[in-house]
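This report concerns only the one structure given below.
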Amino acid sequence: MDYLRNVIDTLQDPYLVSRFQRYFGIRETSYPEAPKFYQRNGRSYARDLSPVSHGQDEYVETTTLNDEQSSGAAVKRFVENSSTHGNQGSDDETSGSDSAGSGKSKIKALLFQSMTAEGEYTDSDGETRDFIVTKPFWHALFVFGSALGDELFYATFFPLWFWNIDGAVGRRAVLVWYGIMYIGQAMKDVLKIPRPACPPVIRVQKKWALEYGFPSTHSMIGIAMPAALSIFTIERYQYPVILAVIPALFWCLSVCGSRLYLGMHSVLDVLAGLFLGVLVLCCLILPYIDAVDEYLVTNTYSPIALSAVIALSVLLYPAGNTWTPARGDTVIICAVVLGIYSGAWMNYSKHLISAASSAPPYAIIWPTYEMWGQVLARSSIGLCSVLATRAIFRSLSYATVCALLRLNQQDVTLRRANVSPRQFVIVELSYKFMTYAAVGFDIIYTAPLVFRLIGIERPEFYTEV
């Protein structure tokens, strides 16, 4: 057990992430000098974050604090002593305005960390730490990799896939997205394990900073989605397997690397995400996904069953009456699944969609110039339709929920004192759910009908059961 605990502590060490960032070109231009406080195995520790010299390895000194020293006054004295110790090396390398700037950063650094009653550290992600990018190629690659796990990417990826590639594969991919993300996000809010300590880690992006860190849902979906797409397309189309494996590896590695580069996850978070992604995909999703997809599209009562499952998913999400970013994202995913499968069921029940005359695998139809023009037209018109649907339903649903709860919209938006946390959660979850359910329905039902009406539909769309 001690060996396993040491391995976990090592993989969770924020200095691993800091070294990864420096190796790929992140250089800090202002160096916080406050120590990092944390608890391990029931004992309190402080790590002296002495300034680093333009990317050189840090000098790290770990000091054990007993209960008496962990008091506020003792911590303050320890910070002051550590700051004095850290300045001994930096004074020789700075001059003039640099020294003045260092003095300001010391004051900011002392405010950067605070101790909770239990002795755990809390980060102020609002604190600005200046850094420079010295390797633009890796920066661009990892930012792109991070986008491959973002909601904005999937909000664009799924519609374009449905309209231009394959609806049957798209529906199954949406189920994978739902299963992986729900389990991962719920685990975050149950375990409540924070992201890597900052400092020494630099938050290159702060979009997800308010979420908990373990496991990395980017890593979970970063391995599960490309693997699932490869499996589904290989089953339906005739093409070399290597053409699926190479993009899948690039997708997975760039997403996982981005989590360390951007300072959002520890090595342990990423490895756990990879393991859980494979486990959930192979054991809980792939064995049942074809049967579930067929039931949801063709069964008379599937809208009722799916609505019940989605409602339970939202209501039983382990966050109580508190609002977390992970909870909001999960509600959006649940709503999109409900909207897409409601649209697919509507297509089937109206006999707009039927099975193809031949069974897979199919030969790939390479697009002509005319087909490329139709792809562009479908993508442009369809995305405009999605944006319009989102804007309309967002305003209507937000106003409706606030009216039903007898709340002023401005009070809810500004989170004023007269709006309770429970009321805020109800408004946020309700309007997000209604908005993105409508978006999902538009993607699979309304937009394809418009394409058919103006003569730019993809002929195979209504044969992909």
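We label chains A, B, ... in the order they appear in the structure tokens, count residues from 1 in each chain, and number ligands from 1 in the order shown.
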*How would you write, as a ChimeraX atom specification, the set of residues in segment 295-432 of chain A that DSSP gives as alpha helix (DSSP H)?*
/A:295-298,302-315,325-349,369-404,409-413,421-432
*Could you name the residues that touch segment 297-302 of chain A at 8 Å or less, counting only C-alpha atoms, but leaving out those on the same chain fewer than 2 positions away, as number ranges by chain?*
A: 293-295, 304-306, 341, 344-345, 348-349, 465
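Using only C-alpha atoms, the smallest distance between any of A:Gly343, A:Gly382, A:Pro194, A:Gly145 and Ala447 of chain A comes from A:Gly382.
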*Would you list the contacts of segment 168-179 of chain A as a PyMOL selection string, taking every protein, DNA or RNA residue within 7 Å and counting only C-alpha atoms, but skipping same-chain residues closer than 2 positions in sequence?*
chain A and resi 158+161-162+166+181-183+225+228-229+232-233+285+289+293+333-334+337+464-465
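Close contacts of Val375 of chain A, defined as residues with an atom at most 10 Å away when counting only C-alpha atoms, with chain neighbours fewer than 6 positions off set aside, comprise A:Leu160, A:Trp163, A:Asn164, A:Ile165, A:Pro367, A:Tyr369, A:Ile456, A:Glu457, A:Arg458.
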Same residues, N, CA, C and O atoms, saved as a PDB file, in the first residue's frame:
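The new file result.pdb reads:
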```
ATOM      1  N   LEU A 160     -22.119  18.535 -38.573  1.00  0.00           N
ATOM      2  CA  LEU A 160     -21.460  18.328 -39.862  1.00  0.00           C
ATOM      3  C   LEU A 160     -21.354  16.842 -40.193  1.00  0.00           C
ATOM      4  O   LEU A 160     -21.455  16.446 -41.357  1.00  0.00           O
ATOM      5  N   TRP A 163     -24.934  15.660 -41.307  1.00  0.00           N
ATOM      6  CA  TRP A 163     -25.379  16.211 -42.587  1.00  0.00           C
ATOM      7  C   TRP A 163     -24.533  15.748 -43.768  1.00  0.00           C
ATOM      8  O   TRP A 163     -25.039  15.694 -44.889  1.00  0.00           O
ATOM      9  N   ASN A 164     -23.268  15.411 -43.518  1.00  0.00           N
ATOM     10  CA  ASN A 164     -22.363  15.183 -44.643  1.00  0.00           C
ATOM     11  C   ASN A 164     -21.699  13.808 -44.684  1.00  0.00           C
ATOM     12  O   ASN A 164     -21.096  13.471 -45.707  1.00  0.00           O
ATOM     13  N   ILE A 165     -21.789  13.014 -43.609  1.00  0.00           N
ATOM     14  CA  ILE A 165     -21.048  11.747 -43.610  1.00  0.00           C
ATOM     15  C   ILE A 165     -21.970  10.565 -43.354  1.00  0.00           C
ATOM     16  O   ILE A 165     -22.288   9.820 -44.288  1.00  0.00           O
ATOM     17  N   PRO A 367     -16.345  12.454 -53.020  1.00  0.00           N
ATOM     18  CA  PRO A 367     -17.162  13.591 -53.492  1.00  0.00           C
ATOM     19  C   PRO A 367     -16.632  14.219 -54.775  1.00  0.00           C
ATOM     20  O   PRO A 367     -15.429  14.334 -54.985  1.00  0.00           O
ATOM     21  N   TYR A 369     -16.982  17.747 -57.435  1.00  0.00           N
ATOM     22  CA  TYR A 369     -17.049  19.193 -57.177  1.00  0.00           C
ATOM     23  C   TYR A 369     -18.472  19.618 -56.820  1.00  0.00           C
ATOM     24  O   TYR A 369     -18.684  20.475 -55.954  1.00  0.00           O
ATOM     25  N   ILE A 456     -30.696  20.065 -51.617  1.00  0.00           N
ATOM     26  CA  ILE A 456     -29.274  19.843 -51.325  1.00  0.00           C
ATOM     27  C   ILE A 456     -29.089  18.735 -50.283  1.00  0.00           C
ATOM     28  O   ILE A 456     -28.040  18.634 -49.659  1.00  0.00           O
ATOM     29  N   GLU A 457     -30.079  17.885 -50.123  1.00  0.00           N
ATOM     30  CA  GLU A 457     -29.976  16.828 -49.122  1.00  0.00           C
ATOM     31  C   GLU A 457     -28.912  15.797 -49.522  1.00  0.00           C
ATOM     32  O   GLU A 457     -28.583  15.631 -50.696  1.00  0.00           O
ATOM     33  N   ARG A 458     -28.381  15.108 -48.561  1.00  0.00           N
ATOM     34  CA  ARG A 458     -27.488  13.982 -48.821  1.00  0.00           C
ATOM     35  C   ARG A 458     -28.369  12.761 -49.029  1.00  0.00           C
ATOM     36  O   ARG A 458     -29.117  12.365 -48.119  1.00  0.00           O
TER      37      ARG A 458
END
```
*Name the residues in contact with Leu262 of chain A at a cut-off of 10 Å, using only C-alpha atoms, excluding same-chain residues fewer than 5 positions from it; report them as a ChimeraX atom specification.*
/A:17-18,20-21,26,139,142-143,146,201-206,257
Take the residues from that selection and write them out as a short mmCIF file (atom, residue, chain, number, x, y, z; two decimals), in the first residue's frame, keeping all heavy atoms.
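Below is the file result-v1.cif, written as the result:
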```cif
data_model
loop_
_atom_site.label_atom_id
_atom_site.label_comp_id
_atom_site.auth_asym_id
_atom_site.auth_seq_id
_atom_site.Cartn_x
_atom_site.Cartn_y
_atom_site.Cartn_z
N VAL A 17 3.90 18.34 -14.01
CA VAL A 17 3.19 19.16 -14.99
C VAL A 17 4.01 20.40 -15.33
O VAL A 17 4.14 20.79 -16.50
CB VAL A 17 1.81 19.56 -14.47
CG1 VAL A 17 1.05 20.39 -15.50
CG2 VAL A 17 1.01 18.33 -14.06
N SER A 18 4.61 21.02 -14.31
CA SER A 18 5.43 22.21 -14.53
C SER A 18 6.61 21.90 -15.45
O SER A 18 6.93 22.69 -16.35
CB SER A 18 5.91 22.75 -13.18
OG SER A 18 6.73 23.89 -13.36
N PHE A 20 6.77 19.48 -17.66
CA PHE A 20 6.21 19.23 -18.99
C PHE A 20 5.97 20.56 -19.71
O PHE A 20 6.28 20.70 -20.90
CB PHE A 20 4.90 18.45 -18.87
CG PHE A 20 4.28 18.04 -20.17
CD1 PHE A 20 4.57 16.81 -20.74
CD2 PHE A 20 3.41 18.89 -20.84
CE1 PHE A 20 3.99 16.42 -21.94
CE2 PHE A 20 2.83 18.52 -22.04
CZ PHE A 20 3.13 17.28 -22.59
N GLN A 21 5.40 21.53 -18.99
CA GLN A 21 5.15 22.83 -19.60
C GLN A 21 6.44 23.51 -20.04
O GLN A 21 6.52 24.06 -21.15
CB GLN A 21 4.40 23.73 -18.60
CG GLN A 21 2.97 23.31 -18.34
CD GLN A 21 2.26 24.25 -17.39
OE1 GLN A 21 2.73 24.50 -16.28
NE2 GLN A 21 1.13 24.77 -17.81
N ILE A 26 6.70 26.71 -22.33
CA ILE A 26 6.03 27.72 -21.50
C ILE A 26 7.05 28.27 -20.51
O ILE A 26 7.64 27.53 -19.73
CB ILE A 26 4.84 27.11 -20.74
CG1 ILE A 26 3.77 26.66 -21.72
CG2 ILE A 26 4.25 28.13 -19.77
CD1 ILE A 26 3.13 27.77 -22.50
N HIS A 139 2.57 24.96 -28.98
CA HIS A 139 1.45 25.71 -28.41
C HIS A 139 0.21 25.56 -29.29
O HIS A 139 -0.89 25.26 -28.79
CB HIS A 139 1.83 27.18 -28.27
CG HIS A 139 0.75 28.02 -27.67
ND1 HIS A 139 0.48 28.04 -26.32
CD2 HIS A 139 -0.15 28.87 -28.25
CE1 HIS A 139 -0.54 28.86 -26.08
NE2 HIS A 139 -0.93 29.37 -27.23
N PHE A 142 -1.20 21.89 -29.08
CA PHE A 142 -1.90 21.53 -27.85
C PHE A 142 -3.18 22.34 -27.67
O PHE A 142 -4.15 21.83 -27.09
CB PHE A 142 -0.97 21.70 -26.66
CG PHE A 142 0.10 20.65 -26.58
CD1 PHE A 142 1.43 21.00 -26.40
CD2 PHE A 142 -0.21 19.30 -26.69
CE1 PHE A 142 2.42 20.03 -26.33
CE2 PHE A 142 0.76 18.32 -26.62
CZ PHE A 142 2.08 18.69 -26.44
N VAL A 143 -3.21 23.57 -28.12
CA VAL A 143 -4.46 24.34 -28.07
C VAL A 143 -5.50 23.68 -28.98
O VAL A 143 -6.68 23.57 -28.63
CB VAL A 143 -4.21 25.80 -28.46
CG1 VAL A 143 -5.53 26.54 -28.67
CG2 VAL A 143 -3.39 26.51 -27.39
N SER A 146 -6.72 20.56 -27.27
CA SER A 146 -7.69 20.88 -26.23
C SER A 146 -9.07 21.13 -26.83
O SER A 146 -10.10 20.73 -26.27
CB SER A 146 -7.23 22.11 -25.45
OG SER A 146 -8.19 22.49 -24.48
N VAL A 201 2.36 25.09 -11.27
CA VAL A 201 1.75 24.97 -12.59
C VAL A 201 1.26 26.32 -13.07
O VAL A 201 0.81 27.15 -12.27
CB VAL A 201 0.60 23.95 -12.54
CG1 VAL A 201 -0.15 23.90 -13.87
CG2 VAL A 201 1.12 22.58 -12.18
N ILE A 202 1.35 26.57 -14.36
CA ILE A 202 0.83 27.78 -14.98
C ILE A 202 -0.46 27.45 -15.69
O ILE A 202 -0.50 26.54 -16.52
CB ILE A 202 1.85 28.38 -15.97
CG1 ILE A 202 3.14 28.75 -15.25
CG2 ILE A 202 1.26 29.60 -16.68
CD1 ILE A 202 4.25 29.17 -16.19
N ARG A 203 -1.53 28.16 -15.37
CA ARG A 203 -2.80 27.97 -16.06
C ARG A 203 -2.74 28.74 -17.39
O ARG A 203 -2.99 29.94 -17.43
CB ARG A 203 -3.96 28.51 -15.22
CG ARG A 203 -4.17 27.76 -13.92
CD ARG A 203 -5.02 26.52 -14.11
NE ARG A 203 -5.41 26.02 -12.80
CZ ARG A 203 -4.77 25.07 -12.14
NH1 ARG A 203 -3.70 24.49 -12.69
NH2 ARG A 203 -5.17 24.68 -10.95
N VAL A 204 -2.43 28.03 -18.45
CA VAL A 204 -2.38 28.67 -19.77
C VAL A 204 -3.78 29.04 -20.23
O VAL A 204 -4.00 30.06 -20.87
CB VAL A 204 -1.69 27.75 -20.78
CG1 VAL A 204 -1.65 28.40 -22.17
CG2 VAL A 204 -0.27 27.44 -20.31
N GLN A 205 -4.76 28.20 -19.91
CA GLN A 205 -6.16 28.50 -20.15
C GLN A 205 -6.92 28.35 -18.84
O GLN A 205 -6.59 27.49 -18.04
CB GLN A 205 -6.77 27.58 -21.21
CG GLN A 205 -6.34 27.87 -22.63
CD GLN A 205 -7.07 27.00 -23.64
OE1 GLN A 205 -7.75 26.04 -23.30
NE2 GLN A 205 -6.91 27.34 -24.91
N LYS A 206 -7.95 29.17 -18.65
CA LYS A 206 -8.70 29.13 -17.38
C LYS A 206 -10.16 28.74 -17.56
O LYS A 206 -10.94 28.82 -16.64
CB LYS A 206 -8.62 30.50 -16.71
CG LYS A 206 -7.18 30.93 -16.43
CD LYS A 206 -7.13 32.09 -15.47
CE LYS A 206 -5.68 32.44 -15.16
NZ LYS A 206 -5.54 33.33 -14.02
N GLY A 257 -2.03 15.37 -24.24
CA GLY A 257 -0.90 16.28 -24.04
C GLY A 257 -1.34 17.69 -23.71
O GLY A 257 -0.69 18.39 -22.92
#
```
